[in-house]
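Source file my_file_7.cif; content: mmCIF, C-alpha atoms.
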```cif
data_upload
loop_
_atom_site.label_atom_id
_atom_site.label_comp_id
_atom_site.auth_asym_id
_atom_site.auth_seq_id
_atom_site.Cartn_x
_atom_site.Cartn_y
_atom_site.Cartn_z
CA MET R 5 -6.62 -9.98 -29.43
CA SER R 6 -3.02 -8.90 -30.09
CA ALA R 7 -0.10 -9.66 -27.75
CA SER R 8 0.07 -6.01 -26.62
CA GLU R 9 -3.62 -6.00 -25.80
CA LYS R 10 -3.21 -9.20 -23.76
CA TYR R 11 -0.31 -7.78 -21.73
CA VAL R 12 -2.06 -4.45 -21.11
CA ALA R 13 -5.21 -6.30 -19.99
CA ALA R 14 -3.10 -8.55 -17.73
CA ALA R 15 -1.38 -5.56 -16.07
CA TYR R 16 -4.67 -3.80 -15.29
CA LEU R 17 -6.35 -7.06 -14.28
CA VAL R 18 -3.58 -7.87 -11.78
CA VAL R 19 -4.16 -4.56 -10.00
CA PHE R 20 -7.94 -5.05 -10.04
CA VAL R 21 -7.65 -8.59 -8.64
CA ALA R 22 -5.22 -7.41 -5.94
CA VAL R 23 -7.62 -4.69 -4.80
CA LEU R 24 -10.46 -7.22 -4.86
CA ALA R 25 -8.43 -9.66 -2.77
CA TRP R 26 -7.63 -6.89 -0.29
CA VAL R 27 -11.34 -6.01 -0.02
CA ALA R 28 -12.17 -9.71 0.59
CA ILE R 29 -9.50 -9.99 3.31
CA ILE R 30 -10.69 -6.79 5.02
CA ALA R 31 -14.32 -7.98 4.82
CA THR R 32 -13.35 -11.26 6.52
CA LYS R 33 -11.43 -9.36 9.18
CA LEU R 34 -14.37 -7.00 9.79
CA ALA R 35 -16.72 -9.96 10.13
CA ARG R 36 -14.39 -11.45 12.76
CA LEU R 37 -14.20 -8.14 14.63
CA GLU R 38 -17.98 -7.82 14.53
CA ARG R 39 -18.33 -11.34 15.96
CA GLU R 40 -15.77 -10.60 18.69
CA ALA R 41 -17.50 -7.32 19.57
CA GLY R 42 -20.79 -9.20 19.84
CA GLU R 43 -19.22 -11.83 22.13
CA LEU R 44 -17.70 -9.17 24.35
CA THR R 45 -20.98 -7.25 24.55
CA GLU R 46 -22.71 -10.46 25.59
CA LEU R 47 -20.02 -11.13 28.20
CA ALA R 48 -20.29 -7.57 29.58
CA ARG R 49 -24.09 -7.87 29.70
CA ARG R 50 -23.86 -11.15 31.62
CA ARG R 51 -21.41 -9.59 34.09
CA ALA R 52 -23.74 -6.63 34.60
CA ASP R 53 -26.67 -8.99 35.23
CA GLU R 54 -24.63 -11.00 37.73
CA ARG R 55 -23.61 -7.82 39.52
CA SER R 56 -27.19 -6.54 39.75
CA GLU R 57 -28.31 -9.95 41.06
CA GLU R 58 -25.61 -9.82 43.75
CA ARG R 59 -26.69 -6.29 44.68
CA GLU R 60 -30.30 -7.44 44.98
CA LYS R 61 -29.24 -10.32 47.25
CA VAL R 62 -27.22 -7.98 49.47
CA SER R 63 -30.09 -5.51 49.78
CA ALA R 64 -32.53 -8.36 50.55
CA MET U 10 -15.15 10.88 0.94
CA LEU U 11 -11.74 9.43 0.11
CA ALA U 12 -13.33 6.20 -1.14
CA VAL U 13 -15.74 8.15 -3.38
CA SER U 14 -12.81 10.22 -4.72
CA THR U 15 -10.95 6.98 -5.46
CA VAL U 16 -13.84 5.55 -7.50
CA VAL U 17 -14.39 8.82 -9.43
CA LEU U 18 -10.68 9.33 -10.11
CA ALA U 19 -10.14 5.69 -11.10
CA ALA U 20 -13.03 5.82 -13.59
CA THR U 21 -11.73 9.14 -14.99
CA ALA U 22 -8.19 7.77 -15.19
CA LEU U 23 -9.29 4.67 -17.12
CA ALA U 24 -11.31 6.82 -19.54
CA LEU U 25 -8.34 9.17 -20.06
CA VAL U 26 -5.84 6.33 -20.49
CA PHE U 27 -7.85 4.34 -23.03
CA PHE U 28 -9.87 7.03 -24.84
CA TYR U 29 -7.96 10.31 -24.51
CA ALA U 30 -4.21 9.68 -24.27
CA PRO U 31 -2.74 8.87 -27.70
CA ILE U 32 -1.06 5.55 -28.48
CA ASP U 33 2.69 5.89 -28.15
CA ALA U 34 4.49 6.01 -31.50
CA ASP U 35 7.45 4.01 -30.21
CA GLN U 36 5.97 1.34 -27.91
CA GLY U 37 2.43 1.17 -29.22
CA LEU U 38 -0.42 -0.04 -27.02
CA SER U 39 1.88 -1.62 -24.41
CA GLN U 40 2.85 1.90 -23.26
CA LYS U 41 -0.61 2.05 -21.60
CA ILE U 42 0.93 -0.03 -18.80
CA PHE U 43 2.97 3.08 -17.93
CA TYR U 44 -0.19 4.77 -16.58
CA ILE U 45 -0.62 2.09 -13.95
CA HIS U 46 2.93 0.88 -13.34
CA VAL U 47 4.61 4.24 -12.62
CA PRO U 48 1.82 5.68 -10.40
CA ILE U 49 1.80 2.42 -8.41
CA ALA U 50 5.59 2.65 -7.94
CA LEU U 51 5.35 6.30 -6.86
CA THR U 52 2.51 5.41 -4.49
CA ALA U 53 4.65 2.64 -2.98
CA TYR U 54 7.45 5.18 -2.40
CA ALA U 55 4.92 7.56 -0.82
CA CYS U 56 3.63 4.80 1.51
CA PHE U 57 7.15 3.85 2.61
CA ALA U 58 8.01 7.52 3.17
CA TRP U 59 4.79 7.99 5.18
CA GLY U 60 5.62 4.91 7.24
CA ALA U 61 9.10 6.27 7.92
CA ALA U 62 7.69 9.70 8.85
CA LYS U 63 5.32 8.08 11.33
CA ALA U 64 8.21 6.01 12.70
CA PHE U 65 10.20 9.22 13.17
CA ILE U 66 7.23 10.80 15.00
CA HIS U 67 7.04 7.73 17.22
CA LEU U 68 10.72 7.99 18.14
CA TRP U 69 10.72 11.76 18.52
CA LYS U 70 7.40 12.63 20.16
CA ARG U 71 6.24 9.21 21.38
CA THR U 72 2.81 9.94 19.92
CA PRO U 73 0.44 7.09 20.82
CA GLY U 74 -0.60 5.17 17.72
CA ALA U 75 2.26 6.40 15.54
CA ASP U 76 3.78 2.91 15.57
CA LEU U 77 0.54 1.37 14.32
CA GLU U 78 0.25 4.08 11.64
CA SER U 79 3.81 3.42 10.52
CA TYR U 80 3.07 -0.32 10.33
CA SER U 81 -0.11 0.23 8.28
CA ALA U 82 1.66 2.58 5.86
CA ILE U 83 4.50 0.11 5.34
CA HIS U 84 1.96 -2.65 4.77
CA GLN U 85 0.34 -0.56 2.02
CA GLY U 86 3.80 0.16 0.63
CA VAL U 87 4.57 -3.55 0.38
CA ILE U 88 1.23 -4.22 -1.39
CA PHE U 89 1.92 -1.45 -3.89
CA GLY U 90 5.55 -2.54 -4.17
CA ALA U 91 4.49 -6.07 -5.11
CA LEU U 92 2.11 -4.64 -7.71
CA THR U 93 4.92 -2.46 -9.08
CA LEU U 94 7.09 -5.54 -9.59
CA VAL U 95 4.29 -7.54 -11.22
CA THR U 96 3.09 -4.79 -13.57
CA GLY U 97 6.71 -3.90 -14.35
CA SER U 98 7.48 -7.52 -15.24
CA ILE U 99 4.47 -7.67 -17.56
CA TRP U 100 5.61 -4.47 -19.26
CA ALA U 101 9.21 -5.76 -19.47
CA ARG U 102 8.03 -8.97 -21.13
CA ILE U 103 6.27 -7.13 -23.94
CA SER U 104 8.93 -4.39 -24.30
CA TRP U 105 12.23 -6.20 -23.71
CA GLY U 106 11.19 -9.79 -24.35
CA HIS U 107 11.96 -11.01 -20.82
CA TRP U 108 10.29 -10.70 -17.43
CA TRP U 109 13.24 -9.28 -15.49
CA SER U 110 16.62 -7.67 -16.06
CA TRP U 111 19.30 -7.89 -13.38
CA SER U 112 21.37 -5.32 -15.25
CA SER U 113 18.85 -2.56 -14.61
CA ASN U 114 19.76 -0.62 -11.47
CA GLN U 115 16.26 0.80 -11.13
CA LEU U 116 14.73 -2.69 -11.01
CA VAL U 117 17.30 -4.12 -8.62
CA THR U 118 17.20 -1.19 -6.19
CA PHE U 119 13.40 -1.31 -6.16
CA LEU U 120 13.55 -5.05 -5.45
CA ILE U 121 15.98 -4.39 -2.57
CA LEU U 122 13.63 -1.72 -1.21
CA PHE U 123 10.68 -4.11 -1.49
CA LEU U 124 12.54 -6.97 0.21
CA PHE U 125 13.81 -4.66 2.93
CA TYR U 126 10.29 -3.58 3.85
CA SER U 127 8.97 -7.14 3.47
CA ALA U 128 11.49 -8.16 6.15
CA TYR U 129 9.96 -5.47 8.39
CA PHE U 130 7.06 -7.85 9.05
CA MET U 131 9.44 -10.66 10.00
CA LEU U 132 11.00 -8.33 12.57
CA ARG U 133 7.62 -7.13 13.85
CA TYR U 134 6.20 -10.59 14.33
CA SER U 135 9.34 -12.08 15.86
CA VAL U 136 9.36 -9.63 18.79
CA GLU U 137 6.75 -9.51 21.55
CA ALA U 138 4.38 -6.54 21.34
CA GLY U 139 5.37 -3.56 23.46
CA PRO U 140 7.50 -0.42 23.50
CA ALA U 141 10.68 -2.33 22.58
CA ARG U 142 9.08 -3.74 19.41
CA ALA U 143 7.69 -0.33 18.48
CA ASN U 144 11.15 1.27 18.83
CA MET U 145 12.90 -1.47 16.86
CA CYS U 146 10.35 -1.30 14.05
CA ALA U 147 10.57 2.50 13.94
CA VAL U 148 14.36 2.43 13.60
CA TYR U 149 14.11 -0.23 10.88
CA ALA U 150 11.49 1.80 8.98
CA LEU U 151 13.73 4.87 9.14
CA PHE U 152 16.73 2.96 7.75
CA GLY U 153 14.66 1.78 4.79
CA VAL U 154 13.65 5.27 3.74
CA VAL U 155 17.25 5.90 2.62
CA LEU U 156 16.67 3.37 -0.16
CA ILE U 157 13.89 5.50 -1.72
CA PRO U 158 16.13 8.28 -3.15
CA ILE U 159 18.73 5.64 -4.09
CA SER U 160 16.09 3.70 -6.02
CA TRP U 161 14.79 6.89 -7.63
CA LEU U 162 18.20 8.30 -8.55
CA SER U 163 19.96 5.05 -9.48
CA ILE U 164 18.72 5.14 -13.06
CA ARG U 165 19.88 8.72 -13.51
CA ILE U 166 23.27 8.26 -11.84
CA ALA U 167 24.17 5.01 -13.59
CA ASN U 168 22.95 6.00 -17.08
CA ASP U 169 20.66 3.00 -17.21
CA TYR U 170 19.46 2.65 -20.78
CA ILE U 171 17.29 -0.42 -20.21
CA HIS U 172 14.67 1.11 -17.98
CA PRO U 173 13.18 4.21 -19.63
CA THR U 174 13.51 7.61 -17.92
CA VAL U 175 10.36 9.65 -18.41
CA PHE U 176 10.93 12.37 -15.83
CA THR U 177 14.16 14.23 -16.49
CA THR U 178 15.50 17.63 -15.45
CA ASN U 179 13.75 19.01 -18.56
CA GLY U 180 10.37 17.86 -17.22
CA PRO U 181 8.14 14.94 -18.26
CA GLN U 182 9.07 13.49 -21.65
CA MET U 183 5.52 13.02 -22.92
CA SER U 184 2.67 14.96 -24.47
CA GLY U 185 0.24 17.05 -22.41
CA SER U 186 -2.61 14.56 -22.79
CA MET U 187 -0.37 11.70 -21.69
CA PHE U 188 0.81 13.71 -18.69
CA LEU U 189 -2.79 14.53 -17.72
CA ALA U 190 -3.76 10.83 -17.87
CA PHE U 191 -0.69 9.99 -15.80
CA CYS U 192 -1.48 12.65 -13.14
CA VAL U 193 -5.12 11.51 -12.80
CA SER U 194 -3.99 7.88 -12.53
CA TRP U 195 -1.52 8.78 -9.84
CA ALA U 196 -4.15 10.80 -7.94
CA ALA U 197 -6.52 7.80 -8.15
CA LEU U 198 -3.87 5.44 -6.80
CA LEU U 199 -2.89 7.83 -4.01
CA CYS U 200 -6.56 8.05 -3.01
CA LEU U 201 -6.81 4.25 -3.17
CA ALA U 202 -3.75 3.88 -0.95
CA GLY U 203 -5.18 6.49 1.43
CA THR U 204 -8.51 4.67 1.61
CA MET U 205 -6.82 1.32 2.19
CA TYR U 206 -4.56 2.86 4.85
CA ARG U 207 -7.49 4.39 6.74
CA VAL U 208 -9.66 1.25 6.56
CA GLU U 209 -6.80 -0.98 7.65
CA LEU U 210 -5.82 1.38 10.45
CA ALA U 211 -9.42 1.53 11.71
CA GLY U 212 -9.53 -2.28 11.68
CA LYS U 213 -6.25 -2.57 13.58
CA ARG U 214 -7.33 0.02 16.17
CA LEU U 215 -10.63 -1.79 16.66
CA ASP U 216 -8.80 -5.10 16.97
CA SER U 217 -6.48 -3.65 19.61
CA SER U 218 -9.40 -2.10 21.57
CA LEU U 219 -11.29 -5.40 21.52
CA ARG U 220 -8.21 -7.27 22.74
CA GLU U 221 -7.85 -4.80 25.61
CA LEU U 222 -11.55 -5.11 26.43
CA ARG U 223 -11.28 -8.91 26.41
CA GLU U 224 -8.38 -8.73 28.88
CA LEU U 225 -10.37 -6.38 31.13
CA LEU U 226 -13.41 -8.64 31.09
CA ALA U 227 -11.44 -11.85 31.60
#
```
Turn this file's structure into structure tokens for me.
Amino acid sequence: MSASEKYVAAAYLVVFVAVLAWVAIIATKLARLEREAGELTELARRRADERSEEREKVSA
Amino acid sequence: MLAVSTVVLAATALALVFFYAPIDADQGLSQKIFYIHVPIALTAYACFAWGAAKAFIHLWKRTPGADLESYSAIHQGVIFGALTLVTGSIWARISWGHWWSWSSNQLVTFLILFLFYSAYFMLRYSVEAGPARANMCAVYALFGVVLIPISWLSIRIANDYIHPTVFTTNGPQMSGSMFLAFCVSWAALLCLAGTMYRVELAGKRLDSSLRELRELLA
């Protein structure tokens, strides 16, 4: 492999690795958001259950 | 759709660069870096300009979300700016024999532009979120956009012979096949930047909605 070939490969590889790193970071962030959304859904569900229980008590 | 366009254009660009565009008589194979370095630099300029335009919209019309859009565009600009500097340094090493040249106005003004927008994040994260931060960041983003034409024109004004000038008043100084490969590469990188911008913006909007929801449920 000549010096020119090495430098050309390095330039294209740097861009490819940067895009790959960005994809990895975004994937991690999306996983965190998914987890947070799940937690909030669970919290909202619990609140709704508590509210319906309270309503049942009041009606009883 | 944008992501699919990016993949198709990137594959086409690579095929054109390595199998269609001829090897430069003067620089040889190392000139192939041109097809990635220059489109990345132009994409970085486009991202900064888009960020400034969104900042202007925020200040003028107070459009909700314009601040976040400006921030995302500037973030993309900084990513592409860093890649411009790295690919440019690699090209400089093979062409000039050294990684950097302080005597080149084009290089120095681009570095200033890059550092200016990198400092944008320092400003953003040192001020508490709210309308005041959005206004400050918008003004800062608008100031930075002035550096784009300076960076672009510096090489032409100062007769910089170190950094090559490909686009002159007589048009692009390259063959038709080289220009085609360059245009497809640039289109691919613009689509890539657009995809990254939209994905990142969607993530930030979702993050902000979840934070609001958490506060409401707390």
What do you get, as a PyMOL selection string, if you spell out every residue that the PyMOL selection byres ((chain U) within 9 of (chain R)) selects here?
chain U and resi 37-42+45-46+88+92+95-97+99-100+102-103+205+208-209+212+215-216+219+222-223+226
I'd like the residues picked by the PyMOL selection byres ((chain U and resi 119) around 10) written out as a list in words, using the chain letters and numbers from the file.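 The output of the PyMOL selection byres ((chain U and resi 119) around 10) on this file is Ala50, Tyr54, Gly90, Thr93, Leu94, Asn114, Gln115, Leu116, Val117, Thr118, Leu120, Ile121, Leu122, Phe123, Leu124, Phe125, Leu156, Ile157, Ile159, Ser160, Trp161 and Ser163 of chain U.
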The distance between atom CA of U:Pro73 and atom CA of U:Leu132 is 20.4 Å
Pairwise distance, atom CA of U:Ala101 with atom CA of U:Val193, equals 23.4 Å
- Could you jot down the atom CA of U:Ser184 to atom CA of U:Trp108 separation for me, Å, one decimal place?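 Interatomic distance, atom CA of U:Ser184 to atom CA of U:Trp108: 27.7 Å.
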Going by the chain IDs and residue numbers used in this file, which residues fall under the PyMOL selection byres ((chain U and resi 80-84) around 6)? Write them as a PyMOL selection string.
chain U and resi 56-57+60+77-79+85-87
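Nearest to U:Ala55 of all the residues U:Trp109, U:Trp195, U:Phe28, U:Phe188 is U:Trp195, based on only C-alpha atoms.
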